[in-house]
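*Asks:* This is data03.cif, which holds mmCIF, C-alpha atoms:
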```
data_entry
#
loop_
_atom_site.label_atom_id
_atom_site.label_comp_id
_atom_site.auth_asym_id
_atom_site.auth_seq_id
_atom_site.Cartn_x
_atom_site.Cartn_y
_atom_site.Cartn_z
CA MET N 1 -30.93 -31.45 -20.16
CA THR N 2 -30.64 -33.67 -17.11
CA GLU N 3 -32.44 -33.92 -13.82
CA PRO N 4 -30.34 -31.96 -11.30
CA PHE N 5 -30.09 -34.65 -8.66
CA ILE N 6 -29.34 -37.62 -10.87
CA THR N 7 -25.97 -39.19 -10.14
CA TRP N 8 -23.71 -41.44 -12.13
CA SER N 9 -21.30 -43.91 -10.60
CA VAL N 10 -18.16 -45.27 -12.21
CA GLY N 11 -16.50 -47.70 -9.85
CA PRO N 12 -15.97 -45.92 -6.52
CA PHE N 13 -16.60 -42.48 -8.05
CA THR N 14 -20.00 -40.82 -7.99
CA ILE N 15 -20.81 -37.54 -9.69
CA SER N 16 -24.08 -35.67 -9.76
CA ALA N 17 -25.48 -33.99 -12.85
CA GLN N 18 -25.10 -30.64 -11.12
CA MET N 19 -21.43 -31.22 -10.35
CA LEU N 20 -20.73 -32.51 -13.85
CA PHE N 21 -22.25 -29.43 -15.42
CA ILE N 22 -20.37 -27.16 -13.04
CA PHE N 23 -17.15 -28.66 -14.44
CA ILE N 24 -18.38 -28.41 -18.03
CA ALA N 25 -19.52 -24.82 -17.46
CA ALA N 26 -16.15 -23.87 -15.96
CA ALA N 27 -14.34 -25.46 -18.90
CA ALA N 28 -16.60 -23.64 -21.37
CA GLY N 29 -15.97 -20.36 -19.55
CA TYR N 30 -12.24 -20.96 -19.71
CA GLY N 31 -12.49 -21.74 -23.43
CA VAL N 32 -14.45 -18.57 -24.21
CA MET N 33 -12.03 -16.46 -22.18
CA SER N 34 -9.12 -17.96 -24.06
CA LEU N 35 -10.76 -17.29 -27.44
CA TYR N 36 -11.74 -13.77 -26.44
CA LEU N 37 -8.20 -12.83 -25.43
CA LYS N 38 -6.73 -14.54 -28.48
CA LYS N 39 -9.03 -12.70 -30.86
CA LEU N 40 -8.12 -9.35 -29.33
CA HIS N 41 -4.40 -10.25 -29.36
CA VAL N 42 -4.04 -9.46 -25.66
CA GLU N 43 -0.34 -9.68 -24.81
CA ASN N 44 -0.50 -11.28 -21.38
CA ARG N 45 -3.16 -13.81 -22.38
CA GLY N 46 -1.36 -16.71 -20.71
CA GLU N 47 -1.01 -14.86 -17.43
CA ILE N 48 -4.71 -13.84 -17.41
CA LEU N 49 -5.82 -17.39 -18.17
CA GLY N 50 -3.52 -18.70 -15.45
CA THR N 51 -5.07 -16.29 -12.95
CA PHE N 52 -8.55 -17.34 -14.02
CA LEU N 53 -7.61 -20.97 -13.44
CA THR N 54 -6.20 -20.05 -10.02
CA SER N 55 -9.50 -18.29 -9.24
CA LEU N 56 -11.38 -21.48 -10.06
CA ILE N 57 -9.05 -23.50 -7.83
CA ILE N 58 -9.45 -20.98 -4.99
CA CYS N 59 -13.22 -21.25 -5.39
CA ALA N 60 -13.11 -25.06 -5.19
CA VAL N 61 -10.71 -25.12 -2.23
CA ILE N 62 -12.75 -22.63 -0.18
CA TYR N 63 -15.95 -24.54 -0.94
CA LYS N 64 -14.30 -27.77 0.16
CA LEU N 65 -12.77 -26.34 3.35
CA TRP N 66 -15.70 -24.14 4.33
CA PRO N 67 -17.14 -26.59 6.94
CA PHE N 68 -13.77 -26.61 8.72
CA ILE N 69 -13.58 -22.81 8.73
CA LEU N 70 -17.03 -22.63 10.34
CA ASP N 71 -16.45 -25.53 12.68
CA PRO N 72 -12.71 -26.21 13.25
CA GLN N 73 -13.58 -29.02 15.67
CA LEU N 74 -14.35 -31.18 12.66
CA LEU N 75 -10.60 -31.38 12.06
CA ILE N 76 -10.17 -33.45 15.21
CA SER N 77 -10.97 -36.39 12.94
CA PRO N 78 -8.83 -35.95 9.78
CA GLY N 79 -11.13 -38.34 7.92
CA ASN N 80 -13.73 -35.57 7.96
CA LEU N 81 -11.67 -33.78 5.31
CA LEU N 82 -12.95 -36.41 2.90
CA TYR N 83 -16.57 -36.28 4.01
CA PHE N 84 -17.55 -32.64 4.38
CA ALA N 85 -17.84 -29.80 1.85
CA GLY N 86 -19.96 -26.71 1.38
CA GLY N 87 -22.43 -25.50 3.95
CA PRO N 88 -24.07 -22.19 4.81
CA TYR N 89 -23.09 -19.47 2.29
CA ALA N 90 -20.21 -21.63 0.98
CA VAL N 91 -21.18 -21.02 -2.66
CA TYR N 92 -21.37 -17.25 -2.24
CA VAL N 93 -18.18 -16.94 -0.20
CA SER N 94 -16.09 -19.18 -2.47
CA ALA N 95 -17.35 -17.48 -5.65
CA GLY N 96 -16.94 -14.03 -4.10
CA VAL N 97 -13.35 -14.66 -3.03
CA ALA N 98 -12.50 -16.03 -6.48
CA VAL N 99 -13.94 -12.95 -8.21
CA ILE N 100 -12.17 -10.60 -5.79
CA TYR N 101 -8.89 -12.47 -6.31
CA PHE N 102 -9.14 -12.09 -10.10
CA PHE N 103 -10.15 -8.45 -9.79
CA LEU N 104 -7.26 -7.60 -7.45
CA GLN N 105 -4.77 -9.38 -9.67
CA SER N 106 -5.99 -7.44 -12.69
CA ILE N 107 -5.44 -4.16 -10.80
CA ARG N 108 -2.08 -5.17 -9.34
CA LYS N 109 -0.72 -6.32 -12.69
CA LYS N 110 -2.28 -3.39 -14.54
CA TRP N 111 -3.98 -5.53 -17.16
CA SER N 112 -6.05 -3.86 -19.84
CA HIS N 113 -9.86 -3.75 -19.55
CA HIS N 114 -9.95 -6.78 -21.85
CA SER N 115 -9.06 -8.99 -18.88
CA LEU N 116 -12.21 -8.03 -16.97
CA ASP N 117 -14.34 -8.13 -20.14
CA SER N 118 -13.08 -11.64 -20.91
CA PHE N 119 -13.72 -12.64 -17.29
CA MET N 120 -17.33 -11.48 -17.53
CA ALA N 121 -17.71 -13.28 -20.87
CA ALA N 122 -16.39 -16.45 -19.20
CA ILE N 123 -18.85 -16.16 -16.31
CA THR N 124 -21.77 -15.49 -18.66
CA THR N 125 -20.79 -18.47 -20.82
CA ALA N 126 -20.52 -20.71 -17.76
CA LEU N 127 -24.01 -19.61 -16.67
CA ILE N 128 -25.40 -20.35 -20.16
CA VAL N 129 -23.88 -23.83 -20.23
CA PHE N 130 -24.91 -24.73 -16.69
CA SER N 131 -28.47 -23.47 -17.25
CA LEU N 132 -28.72 -25.43 -20.46
CA GLY N 133 -27.49 -28.64 -18.86
CA VAL N 134 -29.44 -28.92 -15.63
CA LYS N 135 -33.23 -28.83 -15.42
CA ASN N 136 -34.82 -26.27 -13.15
CA TYR N 137 -38.54 -26.85 -12.60
CA GLY N 138 -40.34 -23.55 -12.12
CA LEU N 139 -43.93 -22.78 -11.20
CA PRO N 140 -46.80 -24.74 -12.75
CA SER N 141 -47.26 -23.18 -16.17
CA PRO N 142 -50.36 -22.18 -18.17
CA PHE N 143 -48.48 -22.80 -21.44
CA SER N 144 -48.13 -25.96 -23.49
CA PHE N 145 -44.32 -25.92 -23.34
CA GLY N 146 -42.11 -26.73 -20.39
CA TYR N 147 -41.41 -29.80 -18.29
CA MET N 148 -44.27 -32.24 -17.84
CA TYR N 149 -44.18 -34.11 -14.54
CA GLU N 150 -47.05 -36.21 -13.20
CA GLY N 151 -49.50 -34.45 -15.48
CA VAL N 152 -48.45 -30.94 -14.47
CA MET N 153 -46.61 -28.60 -16.84
CA TYR N 154 -43.81 -26.62 -15.19
CA HIS N 155 -41.86 -23.65 -16.51
CA ALA N 156 -38.46 -24.71 -17.88
CA VAL N 157 -36.75 -21.96 -15.92
CA ASN N 158 -33.23 -23.11 -16.69
CA PHE N 159 -33.98 -22.80 -20.41
CA TYR N 160 -35.32 -19.27 -19.89
CA TYR N 161 -32.12 -18.30 -18.09
CA SER N 162 -29.97 -19.94 -20.71
CA TRP N 163 -31.71 -18.08 -23.53
CA LEU N 164 -31.58 -14.72 -21.78
CA PHE N 165 -27.93 -15.14 -20.74
CA LEU N 166 -27.08 -16.03 -24.35
CA LEU N 167 -28.72 -12.81 -25.53
CA VAL N 168 -26.78 -10.87 -22.90
CA LEU N 169 -23.50 -12.33 -24.14
CA LEU N 170 -24.34 -11.71 -27.80
CA ALA N 171 -25.52 -8.16 -27.07
CA ALA N 172 -22.28 -7.35 -25.25
CA LEU N 173 -20.07 -8.86 -27.94
CA ILE N 174 -21.94 -7.60 -31.00
CA LEU N 175 -23.43 -4.28 -29.95
CA VAL N 176 -20.66 -2.96 -27.71
CA PRO N 177 -17.20 -2.21 -29.16
CA SER N 178 -14.33 -3.93 -27.35
CA SER N 179 -12.34 -0.68 -27.33
CA LYS N 180 -14.75 1.02 -24.92
CA LYS N 181 -13.25 0.53 -21.49
CA TYR N 182 -15.26 -1.91 -19.37
CA ALA N 183 -18.38 -1.22 -21.48
CA ARG N 184 -18.79 -4.92 -22.26
CA SER N 185 -18.38 -5.89 -18.60
CA ILE N 186 -20.95 -3.35 -17.51
CA THR N 187 -23.32 -4.46 -20.28
CA MET N 188 -23.01 -8.11 -19.24
CA LEU N 189 -23.43 -7.35 -15.54
CA THR N 190 -26.48 -5.19 -16.19
CA GLY N 191 -27.84 -7.73 -18.66
CA LEU N 192 -27.49 -10.59 -16.19
CA VAL N 193 -29.45 -8.63 -13.60
CA ILE N 194 -32.20 -7.81 -16.13
CA ALA N 195 -32.27 -11.45 -17.32
CA TYR N 196 -32.70 -12.60 -13.75
CA GLY N 197 -35.53 -10.10 -13.28
CA LEU N 198 -37.30 -11.37 -16.41
CA ALA N 199 -37.09 -15.09 -15.56
CA ALA N 200 -37.39 -14.94 -11.76
CA PRO N 201 -41.22 -14.64 -11.72
CA PHE N 202 -41.41 -18.20 -13.08
CA GLN N 203 -39.07 -19.68 -10.49
CA VAL N 204 -40.27 -21.31 -7.29
CA MET G 1 -25.93 -0.17 -38.31
CA SER G 2 -25.29 -3.59 -39.82
CA LEU G 3 -28.07 -6.09 -40.47
CA HIS G 4 -26.97 -8.59 -37.81
CA LYS G 5 -26.99 -5.86 -35.16
CA LYS G 6 -30.52 -4.89 -36.18
CA ILE G 7 -31.64 -8.53 -36.05
CA LEU G 8 -30.10 -8.94 -32.59
CA ILE G 9 -31.88 -5.81 -31.30
CA VAL G 10 -35.19 -7.13 -32.65
CA ILE G 11 -34.59 -10.48 -30.90
CA LEU G 12 -33.68 -8.72 -27.64
CA VAL G 13 -36.80 -6.56 -27.68
CA ALA G 14 -39.02 -9.48 -28.73
CA SER G 15 -37.60 -11.69 -25.96
CA ALA G 16 -38.08 -9.05 -23.28
CA GLY G 17 -41.64 -8.47 -24.55
CA ALA G 18 -42.37 -12.20 -24.58
CA PHE G 19 -41.19 -12.66 -21.00
CA LEU G 20 -43.25 -9.71 -19.79
CA TRP G 21 -46.31 -11.12 -21.57
CA MET G 22 -45.64 -14.57 -20.08
CA GLU G 23 -45.42 -13.02 -16.62
CA GLN G 24 -48.81 -11.40 -17.15
CA GLN G 25 -50.29 -14.75 -18.26
CA GLN G 26 -48.65 -16.44 -15.28
CA ASN G 27 -50.17 -13.95 -12.86
CA ASN G 28 -53.65 -14.59 -14.33
CA PHE G 29 -53.06 -18.35 -14.16
CA THR G 30 -51.75 -18.33 -10.58
CA SER G 31 -54.59 -16.19 -9.27
CA GLY G 32 -57.07 -18.62 -10.85
CA THR G 33 -55.64 -21.76 -9.20
CA ASP G 34 -55.26 -22.96 -5.65
CA GLY G 35 -51.52 -23.40 -6.05
CA GLN G 36 -51.78 -27.20 -6.23
CA SER G 37 -48.95 -28.94 -8.02
CA ALA G 38 -47.41 -32.37 -8.29
CA SER G 39 -44.76 -33.28 -5.79
CA LEU G 40 -41.16 -33.01 -6.87
CA PRO G 41 -38.06 -33.73 -4.80
CA HIS G 42 -36.71 -30.26 -5.57
CA PRO G 43 -36.48 -27.20 -3.33
CA GLY G 44 -39.56 -25.04 -3.70
CA HIS G 45 -41.86 -27.95 -4.56
CA SER G 46 -44.09 -30.24 -2.52
CA ALA G 47 -42.14 -33.07 -0.95
CA PRO G 48 -43.28 -36.50 -2.17
CA ASP G 49 -45.19 -37.93 0.78
CA PHE G 50 -44.42 -41.34 2.24
CA THR G 51 -45.49 -43.61 5.07
CA LEU G 52 -42.91 -46.10 6.29
CA GLU G 53 -42.50 -48.48 9.19
CA GLN G 54 -40.05 -47.64 11.95
CA LEU G 55 -36.96 -49.77 12.45
CA SER G 56 -37.82 -49.96 16.15
CA GLY G 57 -41.22 -51.47 15.33
CA GLU G 58 -43.00 -48.55 17.04
CA GLY G 59 -45.41 -48.02 14.16
CA LEU G 60 -45.59 -45.97 11.00
CA VAL G 61 -44.24 -42.51 10.25
CA GLN G 62 -45.88 -40.30 7.63
CA LEU G 63 -43.87 -37.34 6.35
CA SER G 64 -46.80 -34.95 5.78
CA GLU G 65 -48.18 -35.65 9.23
CA ALA G 66 -44.79 -35.30 10.93
CA ALA G 67 -44.05 -32.01 9.17
CA GLY G 68 -47.58 -30.66 9.60
CA ASN G 69 -47.67 -31.35 13.33
CA ALA G 70 -44.51 -29.36 13.92
CA ASN G 71 -42.61 -26.42 12.40
CA GLY G 72 -41.44 -28.83 9.73
CA ALA G 73 -39.39 -31.97 9.29
CA VAL G 74 -35.88 -32.98 8.33
CA VAL G 75 -35.62 -36.17 6.31
CA TYR G 76 -32.22 -37.84 6.41
CA PHE G 77 -31.52 -40.76 4.06
CA TRP G 78 -28.69 -43.05 5.16
CA THR G 79 -27.20 -46.53 5.04
CA SER G 80 -25.05 -48.27 7.62
CA TRP G 81 -22.11 -48.87 5.26
CA CYS G 82 -21.75 -45.23 4.23
CA PRO G 83 -18.88 -43.40 6.00
CA PHE G 84 -20.38 -40.02 5.06
CA CYS G 85 -23.58 -40.99 6.91
CA SER G 86 -21.56 -42.08 9.90
CA ALA G 87 -19.65 -38.77 9.93
CA SER G 88 -22.80 -36.64 10.01
CA MET G 89 -25.02 -38.83 12.22
CA GLU G 90 -23.85 -37.06 15.37
CA ALA G 91 -24.86 -33.66 13.96
CA VAL G 92 -28.32 -34.95 13.05
CA GLU G 93 -28.78 -36.51 16.49
CA ASN G 94 -27.71 -33.24 18.13
CA ALA G 95 -30.20 -31.34 15.99
CA HIS G 96 -32.92 -33.73 17.17
CA ARG G 97 -31.94 -33.23 20.82
CA VAL G 98 -31.97 -29.43 20.47
CA HIS G 99 -34.94 -28.94 18.12
CA GLY G 100 -36.82 -32.24 18.43
CA GLU G 101 -39.86 -30.64 20.05
CA THR G 102 -40.50 -28.27 17.15
CA ILE G 103 -38.87 -29.98 14.18
CA HIS G 104 -39.34 -33.67 13.48
CA LEU G 105 -36.18 -35.49 12.45
CA ILE G 106 -36.87 -38.59 10.36
CA GLY G 107 -34.08 -40.95 9.42
CA VAL G 108 -34.78 -43.09 6.36
CA ASN G 109 -32.62 -46.17 6.10
CA VAL G 110 -32.39 -47.18 2.45
CA THR G 111 -32.91 -50.80 3.48
CA SER G 112 -33.02 -51.96 -0.14
CA GLN G 113 -29.27 -51.24 -0.17
CA ASP G 114 -28.61 -52.23 3.43
CA SER G 115 -29.83 -54.82 5.93
CA LYS G 116 -32.15 -54.36 8.88
CA GLN G 117 -29.65 -55.91 11.28
CA ALA G 118 -26.80 -53.66 10.10
CA ALA G 119 -29.08 -50.62 10.33
CA GLU G 120 -30.11 -51.47 13.89
CA ASN G 121 -26.47 -51.96 14.93
CA PHE G 122 -25.59 -48.63 13.33
CA LEU G 123 -28.29 -46.80 15.30
CA LYS G 124 -27.15 -48.44 18.53
CA LYS G 125 -23.49 -47.60 17.85
CA HIS G 126 -24.31 -43.92 17.30
CA SER G 127 -26.86 -43.76 20.18
CA ILE G 128 -29.56 -42.45 17.86
CA THR G 129 -32.84 -41.44 19.45
CA PHE G 130 -34.77 -39.85 16.56
CA PRO G 131 -37.25 -42.05 14.66
CA ASN G 132 -35.82 -44.07 11.79
CA VAL G 133 -37.88 -45.81 9.16
CA MET G 134 -37.10 -48.56 6.66
CA ASP G 135 -37.38 -48.05 2.93
CA GLN G 136 -37.37 -51.76 2.18
CA ASP G 137 -37.99 -51.66 -1.55
CA GLY G 138 -36.18 -48.36 -2.16
CA ALA G 139 -39.31 -46.74 -3.62
CA VAL G 140 -39.07 -43.64 -1.42
CA ALA G 141 -35.35 -43.29 -2.10
CA ASP G 142 -36.07 -43.47 -5.84
CA MET G 143 -38.68 -40.72 -5.53
CA TYR G 144 -36.07 -38.49 -3.91
CA TYR G 145 -33.18 -39.32 -6.27
CA VAL G 146 -31.35 -41.18 -3.50
CA PRO G 147 -28.65 -42.69 -3.43
CA PRO G 148 -26.15 -41.20 -3.11
CA VAL G 149 -26.41 -41.16 0.65
CA PRO G 150 -26.54 -39.29 2.87
CA ALA G 151 -29.12 -36.93 1.48
CA VAL G 152 -31.01 -34.52 3.68
CA PHE G 153 -34.26 -32.70 2.92
CA PHE G 154 -35.77 -29.84 4.89
CA VAL G 155 -39.56 -29.79 4.64
CA ASP G 156 -41.72 -26.99 6.03
CA SER G 157 -45.01 -27.54 7.83
CA GLY G 158 -46.89 -27.07 4.56
CA GLY G 159 -44.96 -29.94 2.97
CA THR G 160 -42.69 -27.83 0.75
CA ILE G 161 -39.02 -28.70 0.43
CA THR G 162 -37.07 -25.63 1.48
CA SER G 163 -33.63 -27.08 0.90
CA ARG G 164 -31.79 -30.31 0.13
CA LYS G 165 -28.23 -31.46 0.38
CA THR G 166 -26.48 -34.54 -0.87
CA GLY G 167 -23.44 -35.46 1.20
CA ALA G 168 -22.39 -35.23 4.81
CA VAL G 169 -24.17 -32.49 6.72
CA THR G 170 -22.70 -30.34 9.49
CA THR G 171 -24.27 -28.86 12.59
CA GLY G 172 -23.96 -25.40 11.00
CA GLU G 173 -26.00 -26.42 7.96
CA LEU G 174 -28.66 -28.10 10.07
CA GLU G 175 -28.92 -25.10 12.37
CA GLN G 176 -29.25 -22.69 9.45
CA GLU G 177 -31.94 -24.65 7.64
CA ILE G 178 -33.87 -25.50 10.80
CA SER G 179 -33.88 -21.82 11.75
CA ARG G 180 -35.37 -21.06 8.34
CA LEU G 181 -38.09 -23.66 8.87
CA LYS G 182 -38.97 -22.15 12.23
CA GLU G 183 -38.97 -18.59 10.92
CA ALA G 184 -41.16 -19.53 7.95
CA ASP G 185 -43.78 -21.22 10.11
#
```
Taking this structure as input, can you express it in the form of structure tokens?

*Replies:*
Amino acid sequence: MTEPFITWSVGPFTISAQMLFIFIAAAAGYGVMSLYLKKLHVENRGEILGTFLTSLIICAVIYKLWPFILDPQLLISPGNLLYFAGGPYAVYVSAGVAVIYFFLQSIRKKWSHHSLDSFMAAITTALIVFSLGVKNYGLPSPFSFGYMYEGVMYHAVNFYYSWLFLLVLLAALILVPSSKKYARSITMLTGLVIAYGLAAPFQV
Amino acid sequence: MSLHKKILIVILVASAGAFLWMEQQQNNFTSGTDGQSASLPHPGHSAPDFTLEQLSGEGLVQLSEAAGNANGAVVYFWTSWCPFCSASMEAVENAHRVHGETIHLIGVNVTSQDSKQAAENFLKKHSITFPNVMDQDGAVADMYYVPPVPAVFFVDSGGTITSRKTGAVTTGELEQEISRLKEAD
């Protein structure tokens, strides 16, 4: 686990721990989706994976261009395209559009429920990997485990999330049959909400 | 039901039970303390305090005092050679001109990676009027995991970091976070 705001520089390139683990999480999600569809012998696996990849690209592009959507005047200086990214609600909007895009494609192309189930498995996996990789210091803790910083023990909230999200994924894959339409997706969605509810009291 | 399903159900129930028990313990612990904690440069935690000399030579600036005497403070780490800092300097200056009476804007030049002369020229070039301090040995920057620059921290009047961003900052972001600081106060 790394500190969230640590950065590494290689020549002119700088990457933060958070950004690195976002990439790793996305790759892990893609891998799990691929495996999931392969195991269930879904016919249009390649097309579904391609759409997932497009969703990720849409997410990244919207996040990058969001400042220019909110404030088009920034485009007066084209150099600003290099400097600005993100901003108010950028994460939610970019992620939301990506999810909607995948959802609409799955309806339009009449994919089986496995596409949405694999999508949810990919998202849950990405959340597990990201939570495992980047430290999240919670409230000061009464327990002897957690992150020690300047003599104070803090809840390792990211670890809590990671553990709970892992259980959600396992529960959906092991306890719910894949043949039940959207049952795995609903289980994962519900599980993620419950997991958040269980770990949130320890978060600042 | 197979054995591994039974084991998984036991783990699920035990985990949910453990978290509920931990929450109970946490509630007892929190009610028995005054909420004091170490400072961490993360949102939700107390901002590491610092006192640094101004580039203009007009004296010292202390973060806790600046934030406490207003609705909060915005700390903006920068260097003169950073094009990202240059791109967002105008937005920070505008925020100071609009909200300067209620929110203290503090520029921190990471002088350990810059030079005083270059920093002064940079401020003149961008017509900056908010106070800027020098972090000559980079100790404050280290505390805040800076560089990379620019990095901006929003600190409420109680000294808690409400938000942070690494990278160029826009007027929209500053307005949103400053509004939050004002509403919270």

*Asks:* How close does range 36-117 of chain G get to range 144-154 of chain G? List, as CSV, each residue of range 36-117 of chain G within 6 Å, its nearest atom pair and the distance in Å to one decimal, counting only C-alpha atoms.

*Replies:*
```
residue,atom,partner,partner_atom,distance
G:Pro41,CA,G:Tyr144,CA,5.2
G:Val74,CA,G:Phe154,CA,4.7
G:Val75,CA,G:Phe153,CA,5.0
G:Tyr76,CA,G:Val152,CA,4.5
G:Phe77,CA,G:Ala151,CA,5.2
G:Trp78,CA,G:Pro150,CA,4.9
G:Cys85,CA,G:Pro150,CA,5.3
```

*Asks:* For chain N, report every residue with an atom at most 9 Å from chain G (counting all atoms listed in the file), formatted as a PyMOL selection string.

*Replies:* chain N and resi 4-7+14+16+67+70-71+74+79-80+82-88+136-143+149-152+160+164+167-168+170-171+174-175+195+198-199+201-204

*Asks:* Using all atoms listed in the file, which protein or nucleic acid residues come within 7 Å of range 119-123 of chain N? Drop anything in the same chain fewer than 6 positions from it, and give the result as an MDAnalysis selection string.

*Replies:* chainID N and resid 29:30 32:33 169 185 188

*Asks:* When the PyMOL selection byres ((chain G and resi 57-67) around 12) is applied to the file above, which residues end up in the set, as a ChimeraX atom specification?

*Replies:* /G:39,46-56,68-76,100-108,116,120,130-135,140,153-161,181-182,185

*Asks:* Quick one: residues within 12 Å of Lys109 in chain N, all atoms listed in the file counted, chain neighbours fewer than 5 positions away excluded, as a list in words?

*Replies:*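 What passes the distance filter is Asn44, Glu47, Ile48, Thr51, Phe102, Phe103, Leu104 and Ser115 of chain N.
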
*Asks:* Starting from the PyMOL selection byres ((chain N and resi 59) around 8), expand the selection into actual residues of this file and give them as a short mmCIF file (atom, residue, chain, number, x, y, z; two decimals) with C-alpha atoms, keeping the file's coordinate frame.

*Replies:*
```
data_model
loop_
_atom_site.label_atom_id
_atom_site.label_comp_id
_atom_site.auth_asym_id
_atom_site.auth_seq_id
_atom_site.Cartn_x
_atom_site.Cartn_y
_atom_site.Cartn_z
CA SER N 55 -9.50 -18.29 -9.24
CA LEU N 56 -11.38 -21.48 -10.06
CA ILE N 57 -9.05 -23.50 -7.83
CA ILE N 58 -9.45 -20.98 -4.99
CA ALA N 60 -13.11 -25.06 -5.19
CA VAL N 61 -10.71 -25.12 -2.23
CA ILE N 62 -12.75 -22.63 -0.18
CA TYR N 63 -15.95 -24.54 -0.94
CA SER N 94 -16.09 -19.18 -2.47
CA ALA N 95 -17.35 -17.48 -5.65
CA VAL N 97 -13.35 -14.66 -3.03
CA ALA N 98 -12.50 -16.03 -6.48
#
```

*Asks:* So, counting all atoms listed in the file, which residue among N:Ile76, N:Ala172, N:Leu35, N:Leu81 is closest to Ile186 in chain N?

*Replies:*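 Answer, going by the shortest atom-to-atom distance: N:Ala172.
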